[in-house]
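What's in my_file.cif: mmCIF, C-alpha atoms
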data_input
loop_
_atom_site.label_atom_id
_atom_site.label_comp_id
_atom_site.auth_asym_id
_atom_site.auth_seq_id
_atom_site.Cartn_x
_atom_site.Cartn_y
_atom_site.Cartn_z
CA MET A 1 13.59 10.69 0.22
CA GLY A 2 11.81 9.96 -3.07
CA ASN A 3 9.70 12.41 -5.00
CA PRO A 4 6.69 14.20 -3.55
CA MET A 5 3.27 12.60 -3.64
CA LYS A 6 0.21 14.31 -5.03
CA ILE A 7 -2.55 14.10 -2.47
CA ARG A 8 -6.11 15.43 -2.67
CA ALA A 9 -8.53 15.17 0.20
CA ALA A 10 -12.05 16.55 0.35
CA VAL A 11 -14.85 16.15 2.85
CA LYS A 12 -18.46 15.83 1.70
CA ASP A 13 -21.47 14.76 3.77
CA GLY A 14 -19.23 13.73 6.65
CA VAL A 15 -16.99 11.45 4.58
CA THR A 16 -13.46 12.41 3.55
CA GLU A 17 -12.22 11.03 0.24
CA VAL A 18 -8.45 10.85 -0.17
CA LYS A 19 -6.67 10.36 -3.50
CA ILE A 20 -2.94 9.69 -3.50
CA LEU A 21 -0.55 9.51 -6.42
CA MET A 22 2.92 8.37 -5.39
CA GLN A 23 5.99 8.71 -7.59
CA HIS A 24 7.88 5.44 -7.61
CA GLU A 25 9.32 3.10 -10.23
CA MET A 26 7.81 -0.03 -8.63
CA GLU A 27 10.34 -2.38 -10.25
CA THR A 28 9.23 -6.01 -9.94
CA GLY A 29 12.75 -7.43 -9.97
CA LEU A 30 11.75 -9.54 -13.00
CA ARG A 31 12.19 -6.95 -15.75
CA LYS A 32 15.26 -7.19 -17.95
CA GLU A 33 17.21 -4.40 -19.63
CA ALA A 34 17.79 -4.66 -23.39
CA ASP A 35 21.15 -6.31 -22.67
CA GLY A 36 19.52 -9.00 -20.56
CA THR A 37 20.56 -7.76 -17.12
CA LEU A 38 17.87 -8.03 -14.49
CA VAL A 39 16.62 -4.77 -12.98
CA PRO A 40 16.61 -5.26 -9.19
CA ALA A 41 13.32 -5.15 -7.32
CA TRP A 42 12.53 -1.67 -6.03
CA PHE A 43 9.00 -1.01 -4.87
CA ILE A 44 6.94 0.59 -2.13
CA THR A 45 6.04 -2.01 0.49
CA GLU A 46 3.93 0.04 2.87
CA VAL A 47 1.74 3.13 2.86
CA LYS A 48 0.11 4.67 5.88
CA ALA A 49 -2.38 7.52 6.04
CA GLN A 50 -2.94 9.41 9.27
CA TYR A 51 -5.46 11.98 10.40
CA GLN A 52 -5.07 13.81 13.71
CA GLY A 53 -2.54 11.27 14.91
CA ARG A 54 -4.69 8.21 14.20
CA THR A 55 -4.21 5.80 11.33
CA VAL A 56 -7.01 5.87 8.76
CA LEU A 57 -5.44 3.44 6.28
CA GLU A 58 -2.64 0.91 6.50
CA THR A 59 -1.44 -0.61 3.23
CA GLN A 60 1.03 -3.25 2.14
CA PHE A 61 2.06 -3.41 -1.51
CA GLY A 62 3.68 -6.18 -3.53
CA GLN A 63 5.44 -6.10 -6.90
CA SER A 64 2.13 -6.18 -8.79
CA VAL A 65 1.20 -2.60 -7.97
CA SER A 66 1.62 -0.28 -10.97
CA LYS A 67 4.39 2.25 -11.38
CA ASN A 68 3.52 5.54 -9.66
CA PRO A 69 0.95 3.90 -7.36
CA TYR A 70 -2.52 5.36 -7.05
CA LEU A 71 -4.76 4.96 -4.04
CA LEU A 72 -8.24 6.15 -3.24
CA PHE A 73 -9.96 5.59 0.09
CA ARG A 74 -12.66 7.15 2.27
CA PHE A 75 -13.07 7.62 5.98
CA LYS A 76 -15.83 8.98 8.16
CA GLY A 77 -15.19 12.35 9.73
CA GLY A 78 -12.45 14.70 8.71
CA VAL A 79 -12.74 18.44 9.02
CA ALA A 80 -12.00 20.91 6.24
CA GLY A 81 -8.66 22.61 6.85
CA GLU A 82 -7.29 19.77 8.98
CA LYS A 83 -4.32 17.82 7.69
CA ILE A 84 -3.91 14.29 6.34
CA THR A 85 -0.40 12.82 6.38
CA VAL A 86 0.59 10.02 4.01
CA SER A 87 3.86 8.11 4.38
CA TRP A 88 5.44 5.31 2.38
CA LEU A 89 8.35 2.96 2.87
CA ASP A 90 10.06 1.02 0.08
CA ASN A 91 12.04 -2.23 0.03
CA LYS A 92 15.33 -0.29 0.10
CA GLY A 93 14.33 1.46 3.32
CA ASP A 94 13.64 4.78 1.65
CA THR A 95 10.68 6.65 3.03
CA ARG A 96 8.66 9.75 2.32
CA SER A 97 5.87 11.68 4.04
CA ASP A 98 3.63 14.37 2.58
CA GLU A 99 0.62 16.15 3.96
CA VAL A 100 -2.36 18.00 2.61
CA SER A 101 -5.22 20.00 4.08
CA ILE A 102 -8.72 18.62 3.64
CA ALA A 103 -10.77 20.74 1.26
CA GLY A 104 -14.34 21.65 2.19
CA MET B 105 36.23 26.95 29.79
CA ASN B 106 34.31 24.41 31.72
CA MET B 107 31.22 25.39 29.87
CA GLU B 108 32.87 24.91 26.49
CA ILE B 109 34.07 21.42 27.35
CA ASN B 110 30.64 20.58 28.55
CA LEU B 111 29.04 21.79 25.37
CA GLN B 112 31.40 19.74 23.24
CA ARG B 113 30.71 16.71 25.35
CA ARG B 114 27.02 17.24 24.96
CA LYS B 115 27.37 17.61 21.22
CA ALA B 116 29.31 14.36 21.04
CA LEU B 117 26.71 12.61 23.13
CA LYS B 118 23.92 13.95 20.97
CA THR B 119 25.59 12.86 17.75
CA GLY B 120 26.42 9.44 19.10
CA GLY B 121 22.95 9.00 20.51
CA GLY B 122 21.45 10.13 17.23
CA VAL B 123 23.25 7.48 15.22
CA GLY B 124 22.22 4.77 17.66
CA LEU B 125 18.63 5.91 17.61
CA LEU B 126 18.51 6.07 13.83
CA ALA B 127 19.77 2.49 13.59
CA LEU B 128 17.21 1.43 16.16
CA PHE B 129 14.39 3.27 14.40
CA GLY B 130 15.50 1.77 11.10
CA ALA B 131 15.26 -1.69 12.62
CA LEU B 132 11.78 -0.94 13.91
CA GLY B 133 10.70 0.51 10.60
CA LEU B 134 10.41 3.90 12.26
CA LEU B 135 12.30 6.21 9.94
CA GLN B 136 12.94 9.91 9.38
CA SER B 137 9.25 10.42 8.82
CA GLY B 138 8.63 9.29 12.41
CA VAL B 139 6.00 6.86 11.18
CA ALA B 140 5.96 3.31 12.50
CA PHE B 141 5.18 0.70 9.87
CA ALA B 142 3.99 -2.81 10.62
CA GLU B 143 6.15 -5.69 9.43
CA TRP B 144 5.74 -6.35 5.69
CA ASN B 145 4.30 -9.83 5.10
CA LYS B 146 7.18 -11.18 3.00
CA THR B 147 5.85 -14.76 2.91
CA ALA B 148 2.45 -13.70 1.59
CA PHE B 149 3.88 -11.26 -0.97
CA SER B 150 6.34 -13.89 -2.24
CA ALA B 151 3.63 -16.54 -2.69
CA LYS B 152 3.42 -17.94 -6.23
CA THR B 153 -0.03 -19.53 -5.89
CA MET B 154 -3.35 -18.43 -4.43
CA ASP B 155 -3.28 -21.31 -1.93
CA ASP B 156 0.15 -20.31 -0.62
CA ALA B 157 -0.87 -16.65 -0.41
CA LEU B 158 -4.09 -17.46 1.45
CA ASN B 159 -2.17 -19.73 3.82
CA ALA B 160 0.36 -16.99 4.53
CA LEU B 161 -2.51 -14.62 5.31
CA GLY B 162 -4.12 -17.12 7.66
CA VAL B 163 -7.20 -17.61 5.49
CA ILE B 164 -8.69 -21.12 5.59
CA VAL B 165 -11.68 -21.27 3.23
CA PRO B 166 -13.16 -17.91 2.30
CA GLU B 167 -16.91 -17.67 1.83
CA ASN B 168 -18.45 -16.68 -1.48
CA GLY B 169 -18.45 -12.91 -1.59
CA ALA B 170 -20.04 -12.46 -5.02
CA ALA B 171 -23.07 -10.72 -3.52
CA SER B 172 -21.35 -8.77 -0.77
CA ILE B 173 -18.20 -7.56 -2.54
CA GLN B 174 -18.34 -5.13 -5.44
CA LEU B 175 -15.23 -5.70 -7.51
CA THR B 176 -14.81 -3.26 -10.39
CA VAL B 177 -12.21 -4.02 -13.06
CA PRO B 178 -12.14 -3.45 -16.83
CA GLU B 179 -13.27 -6.44 -18.94
CA ILE B 180 -10.41 -5.80 -21.33
CA ALA B 181 -7.17 -4.06 -20.41
CA GLU B 182 -5.30 -2.73 -23.41
CA ASN B 183 -2.41 -1.83 -21.14
CA GLY B 184 -1.63 -4.51 -18.56
CA SER B 185 0.75 -2.24 -16.72
CA VAL B 186 -2.04 -0.02 -15.38
CA VAL B 187 -5.25 -1.87 -14.55
CA PRO B 188 -7.62 0.02 -12.23
CA VAL B 189 -9.17 -2.09 -9.47
CA THR B 190 -11.90 -0.94 -7.10
CA VAL B 191 -13.08 -3.07 -4.21
CA ALA B 192 -16.11 -2.07 -2.19
CA SER B 193 -18.27 -4.04 0.18
CA THR B 194 -21.68 -3.83 1.77
CA LEU B 195 -20.59 -6.11 4.63
CA ALA B 196 -20.57 -4.67 8.14
CA ASP B 197 -17.30 -4.19 10.04
CA VAL B 198 -14.89 -4.62 7.14
CA GLU B 199 -11.41 -4.83 8.64
CA GLN B 200 -9.31 -5.76 5.65
CA ILE B 201 -9.36 -5.72 1.84
CA THR B 202 -6.82 -7.72 -0.17
CA ILE B 203 -6.28 -7.81 -3.94
CA PHE B 204 -4.69 -10.68 -5.89
CA VAL B 205 -3.86 -11.32 -9.55
CA ASP B 206 -3.85 -15.11 -9.91
CA LYS B 207 -1.47 -15.40 -12.87
CA ASN B 208 1.14 -12.85 -11.83
CA PRO B 209 4.54 -14.17 -10.66
CA SER B 210 3.60 -13.07 -7.13
CA VAL B 211 -0.16 -13.37 -6.75
CA LEU B 212 -0.70 -10.97 -3.85
CA ALA B 213 -0.87 -7.40 -5.13
CA ALA B 214 -1.98 -5.24 -2.21
CA SER B 215 -3.48 -5.51 1.22
CA PHE B 216 -5.34 -2.81 3.16
CA VAL B 217 -6.14 -2.65 6.84
CA LEU B 218 -9.16 -0.46 7.46
CA PRO B 219 -9.39 0.94 10.98
CA LYS B 220 -12.85 1.66 12.37
CA GLY B 221 -14.34 4.63 10.55
CA THR B 222 -12.59 3.90 7.25
CA GLU B 223 -15.09 2.84 4.60
CA ALA B 224 -14.93 -0.41 2.65
CA TYR B 225 -14.03 1.32 -0.58
CA ILE B 226 -10.54 1.18 -2.13
CA THR B 227 -9.22 1.96 -5.59
CA THR B 228 -5.70 1.22 -6.79
CA ARG B 229 -3.92 0.17 -9.99
CA VAL B 230 -2.13 -3.11 -10.63
CA LYS B 231 0.11 -4.67 -13.25
CA MET B 232 -1.08 -7.78 -15.09
CA GLY B 233 1.33 -9.89 -17.12
CA GLN B 234 -1.46 -11.72 -18.97
CA THR B 235 -5.20 -12.41 -18.96
CA ALA B 236 -5.99 -13.43 -15.39
CA ASN B 237 -8.46 -13.27 -12.56
CA VAL B 238 -8.41 -10.32 -10.20
CA ILE B 239 -9.47 -11.62 -6.80
CA ALA B 240 -10.80 -9.52 -3.95
CA LEU B 241 -10.70 -10.88 -0.42
CA VAL B 242 -12.61 -9.03 2.28
CA LYS B 243 -12.36 -9.69 5.99
CA ALA B 244 -15.45 -8.58 7.87
CA GLY B 245 -16.48 -9.46 11.38
CA GLY B 246 -13.62 -11.95 11.60
CA LYS B 247 -14.73 -13.88 8.46
CA PHE B 248 -13.20 -13.90 4.99
CA TYR B 249 -15.20 -13.45 1.77
CA ARG B 250 -13.89 -13.78 -1.75
CA THR B 251 -14.95 -12.86 -5.25
CA SER B 252 -13.15 -12.61 -8.59
CA LYS B 253 -13.41 -11.24 -12.12
CA GLU B 254 -11.44 -12.01 -15.24
CA VAL B 255 -9.54 -9.23 -17.01
CA LYS B 256 -8.47 -9.88 -20.59
CA VAL B 257 -5.06 -8.36 -21.15
CA THR B 258 -4.13 -7.52 -24.72
CA ALA B 259 -0.64 -6.14 -23.88
CA GLY B 260 1.19 -7.42 -20.80
CA GLY B 261 2.44 -5.10 -18.11
CA CYS B 262 5.63 -6.64 -16.90
CA GLY B 263 8.03 -5.72 -19.72
CA GLY B 264 11.11 -7.62 -20.75
#

So, in terms of structure tokens, how does the structure I just supplied come out?
Amino acid sequence: MGNPMKIRAAVKDGVTEVKILMQHEMETGLRKEADGTLVPAWFITEVKAQYQGRTVLETQFGQSVSKNPYLLFRFKGGVAGEKITVSWLDNKGDTRSDEVSIAG
Amino acid sequence: MNMEINLQRRKALKTGGGVGLLALFGALGLLQSGVAFAEWNKTAFSAKTMDDALNALGVIVPENGAASIQLTVPEIAENGSVVPVTVASTLADVEQITIFVDKNPSVLAASFVLPKGTEAYITTRVKMGQTANVIALVKAGGKFYRTSKEVKVTAGGCGG
């Protein structure tokens, strides 16, 4: 299930800004341990943000995204108190969803 | 008695059905979260060169986006493992924003589909193995635009 994300969402002048901090190792599959063994690739491949059942951001990640990925995006609309749901899927098939209420 | 048998049968059916459904959902990328994900573009994310990545994304020749794309990256990154990248655009109807690092082992870093109502403004963080160009590709009104900026990396971000 992975570790929980930190999500902040706030609406101002009709635009909702969403900041997401995911917790994930984001292993490239190219890094070696001290003994020379290759650490297998393990990274988030997709992230989706939804508001009131509609998708507001659809993301695909590759190995170049930093450990504990950060995302910021903005969408028009969004009402204080309503929920944003963010979900990710990694290359091992693990997935996680978290939600947050939009702050006014 | 009858009732009990029936209940057990139902339970068995439910369990069996559940396993089948989970496998099916897994195959569709629809997991416990109940969220359907699109298919990850393996070809594009495995591409070793910009040309291959652009081909895999169906981009022919992007137009110069220097004036219409605002790409914000640090000039010098002391830590290549966390390089902040912001891509914004003044173009109308931006549908997609894509970020590349041209000297990384896989050049495509991240791709964003922006549904109507989502603004052309994205910030994320990428790893950079060495000094390289960060390239932003924006799709707006069915056309592709491209701009890039060099980031000098003083300590690489890919370890080992």

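Using all atoms listed in the file, the chain B residues found within 7 Å of chain A amount to Ser137, Trp144, Phe149, Ser185, Val186, Leu212, Ala213, Ala214, Ser215, Phe216, Val217, Leu218, Pro219, Gly221, Thr222, Glu223, Tyr225, Ile226, Thr227, Thr228, Arg229, Val230, Lys231, Cys262, Gly263 and Gly264 of chain B.
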
Would you mind exporting C-alpha atoms of the selected residues as a PDB file, keeping the file's coordinate frame?
ATOM      1  CA  SER B 137       9.250  10.420   8.820  1.00  0.00           C
ATOM      2  CA  TRP B 144       5.740  -6.350   5.690  1.00  0.00           C
ATOM      3  CA  PHE B 149       3.880 -11.260  -0.970  1.00  0.00           C
ATOM      4  CA  SER B 185       0.750  -2.240 -16.720  1.00  0.00           C
ATOM      5  CA  VAL B 186      -2.040  -0.020 -15.380  1.00  0.00           C
ATOM      6  CA  LEU B 212      -0.700 -10.970  -3.850  1.00  0.00           C
ATOM      7  CA  ALA B 213      -0.870  -7.400  -5.130  1.00  0.00           C
ATOM      8  CA  ALA B 214      -1.980  -5.240  -2.210  1.00  0.00           C
ATOM      9  CA  SER B 215      -3.480  -5.510   1.220  1.00  0.00           C
ATOM     10  CA  PHE B 216      -5.340  -2.810   3.160  1.00  0.00           C
ATOM     11  CA  VAL B 217      -6.140  -2.650   6.840  1.00  0.00           C
ATOM     12  CA  LEU B 218      -9.160  -0.460   7.460  1.00  0.00           C
ATOM     13  CA  PRO B 219      -9.390   0.940  10.980  1.00  0.00           C
ATOM     14  CA  GLY B 221     -14.340   4.630  10.550  1.00  0.00           C
ATOM     15  CA  THR B 222     -12.590   3.900   7.250  1.00  0.00           C
ATOM     16  CA  GLU B 223     -15.090   2.840   4.600  1.00  0.00           C
ATOM     17  CA  TYR B 225     -14.030   1.320  -0.580  1.00  0.00           C
ATOM     18  CA  ILE B 226     -10.540   1.180  -2.130  1.00  0.00           C
ATOM     19  CA  THR B 227      -9.220   1.960  -5.590  1.00  0.00           C
ATOM     20  CA  THR B 228      -5.700   1.220  -6.790  1.00  0.00           C
ATOM     21  CA  ARG B 229      -3.920   0.170  -9.990  1.00  0.00           C
ATOM     22  CA  VAL B 230      -2.130  -3.110 -10.630  1.00  0.00           C
ATOM     23  CA  LYS B 231       0.110  -4.670 -13.250  1.00  0.00           C
ATOM     24  CA  CYS B 262       5.630  -6.640 -16.900  1.00  0.00           C
ATOM     25  CA  GLY B 263       8.030  -5.720 -19.720  1.00  0.00           C
ATOM     26  CA  GLY B 264      11.110  -7.620 -20.750  1.00  0.00           C
TER      27      GLY B 264
END

(request) Name the residues that the PyMOL selection byres ((chain A and resi 100-103) around 9) pulls out of this structure, and write them as a ChimeraX atom specification. (result) /A:6-11,16,18,78-86,98-99,104

Please dump the current selection as a CSV table (one decimal), in the coordinates of the input; keep C-alpha atoms.
chain,number,residue,atom,x,y,z
A,6,LYS,CA,0.2,14.3,-5.0
A,7,ILE,CA,-2.6,14.1,-2.5
A,8,ARG,CA,-6.1,15.4,-2.7
A,9,ALA,CA,-8.5,15.2,0.2
A,10,ALA,CA,-12.0,16.6,0.4
A,11,VAL,CA,-14.8,16.2,2.8
A,16,THR,CA,-13.5,12.4,3.6
A,18,VAL,CA,-8.4,10.8,-0.2
A,78,GLY,CA,-12.4,14.7,8.7
A,79,VAL,CA,-12.7,18.4,9.0
A,80,ALA,CA,-12.0,20.9,6.2
A,81,GLY,CA,-8.7,22.6,6.8
A,82,GLU,CA,-7.3,19.8,9.0
A,83,LYS,CA,-4.3,17.8,7.7
A,84,ILE,CA,-3.9,14.3,6.3
A,85,THR,CA,-0.4,12.8,6.4
A,86,VAL,CA,0.6,10.0,4.0
A,98,ASP,CA,3.6,14.4,2.6
A,99,GLU,CA,0.6,16.2,4.0
A,104,GLY,CA,-14.3,21.6,2.2

(request) Counting all atoms listed in the file, find the residues whose atoms lie at most 7 Å from (0.7, -16.0, 0.6) (file coordinates) and write them out as a PyMOL selection string. (result) chain B and resi 147-151+154+156-161+212

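Here atom CA of B:Pro166 is placed at a distance of 4.9 Å from atom CA of B:Tyr249.
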
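Between atom CA of B:Val242 and atom CA of A:Glu25 the interatomic distance comes to 28.0 Å.
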
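Between atom CA of B:Lys207 and atom CA of B:Val165 the interatomic distance comes to 19.9 Å.
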
(message) If the PyMOL selection byres ((chain B and resi 176-179) around 9) were run on this exact file, what residues would it hold? Put them as a ChimeraX atom specification.
(response) /B:174-175,180-181,187-192,238,253-257

(request) Pick out the closest residue to B:Val205 from this set: B:Ala171, B:Val163, B:Ala224, B:Leu241. Count all atoms listed in the file. (result)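 That would be B:Leu241, the residue with the smallest distance to B:Val205.
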
Taking all atoms of stretch 80-86 of chain A that the file lists and extending 4 Å past them on each side, where is the centre of the axis-aligned box and how long are its edges? Answer in Å to one decimal, as JSON.
{"center_x": -5.7, "center_y": 16.3, "center_z": 6.5, "size_x": 20.6, "size_y": 20.6, "size_z": 13.0}

(request) For the file shown, report as a VMD selection string the outcome of the PyMOL selection byres ((chain B and resi 170) around 8) at residue level. (result) chain B and resid 168 to 169 171 to 174 250 to 252

(message) List the spatial neighbours of B:Val198 as a VMD selection string - criterion: any atom at most 6 Å away, all atoms listed in the file, same-chain residues fewer than 2 positions off excluded.
(response) chain B and resid 196 200 243 to 244

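Among the candidates B:Asn183, B:Asn208, B:Thr202, B:Thr194, the residue lying nearest to B:Ile239 is B:Thr202 (atoms considered: all atoms listed in the file).
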
(request) Rank B:Asp197, B:Gly184, B:Ala259, B:Val211 by their smallest atom-to-atom distance to B:Met232, using all atoms listed in the file, and report the top residue only. (result)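 Among the listed residues, B:Gly184 lies closest to B:Met232.
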
Since the input is missing atoms, can you rebuild N, CA and C atoms for stretch 31-48 of chain A and write them as a CSV table (one decimal), keeping the file's coordinate frame?
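Now in rebuild15.csv:
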chain,number,residue,atom,x,y,z
A,31,ARG,N,12.0,-7.6,-14.5
A,31,ARG,CA,12.2,-7.0,-15.8
A,31,ARG,C,13.7,-7.0,-16.2
A,32,LYS,N,13.9,-7.2,-17.5
A,32,LYS,CA,15.3,-7.2,-18.0
A,32,LYS,C,15.5,-6.0,-18.8
A,33,GLU,N,16.8,-5.5,-18.7
A,33,GLU,CA,17.2,-4.4,-19.6
A,33,GLU,C,17.4,-5.0,-21.0
A,34,ALA,N,17.6,-4.2,-22.0
A,34,ALA,CA,17.8,-4.7,-23.4
A,34,ALA,C,19.0,-5.6,-23.5
A,35,ASP,N,20.0,-5.4,-22.6
A,35,ASP,CA,21.2,-6.3,-22.7
A,35,ASP,C,21.0,-7.6,-21.8
A,36,GLY,N,19.8,-7.8,-21.3
A,36,GLY,CA,19.5,-9.0,-20.6
A,36,GLY,C,19.8,-9.0,-19.1
A,37,THR,N,20.3,-7.8,-18.6
A,37,THR,CA,20.6,-7.8,-17.1
A,37,THR,C,19.2,-7.5,-16.4
A,38,LEU,N,19.1,-8.1,-15.3
A,38,LEU,CA,17.9,-8.0,-14.5
A,38,LEU,C,17.9,-6.7,-13.7
A,39,VAL,N,16.7,-6.0,-13.8
A,39,VAL,CA,16.6,-4.8,-13.0
A,39,VAL,C,16.2,-5.2,-11.6
A,40,PRO,N,16.9,-4.8,-10.6
A,40,PRO,CA,16.6,-5.3,-9.2
A,40,PRO,C,15.2,-4.7,-8.7
A,41,ALA,N,14.6,-5.5,-7.9
A,41,ALA,CA,13.3,-5.2,-7.3
A,41,ALA,C,13.5,-3.8,-6.5
A,42,TRP,N,12.5,-3.0,-6.7
A,42,TRP,CA,12.5,-1.7,-6.0
A,42,TRP,C,11.1,-1.2,-6.0
A,43,PHE,N,10.4,-1.4,-4.9
A,43,PHE,CA,9.0,-1.0,-4.9
A,43,PHE,C,8.6,-0.6,-3.5
A,44,ILE,N,7.5,0.2,-3.4
A,44,ILE,CA,6.9,0.6,-2.1
A,44,ILE,C,6.3,-0.6,-1.5
A,45,THR,N,6.6,-0.9,-0.2
A,45,THR,CA,6.0,-2.0,0.5
A,45,THR,C,4.9,-1.6,1.4
A,46,GLU,N,5.0,-0.4,1.9
A,46,GLU,CA,3.9,0.0,2.9
A,46,GLU,C,3.5,1.5,2.7
A,47,VAL,N,2.3,1.8,2.9
A,47,VAL,CA,1.7,3.1,2.9
A,47,VAL,C,0.8,3.3,4.1
A,48,LYS,N,1.0,4.4,4.7
A,48,LYS,CA,0.1,4.7,5.9
A,48,LYS,C,-0.5,6.1,5.8
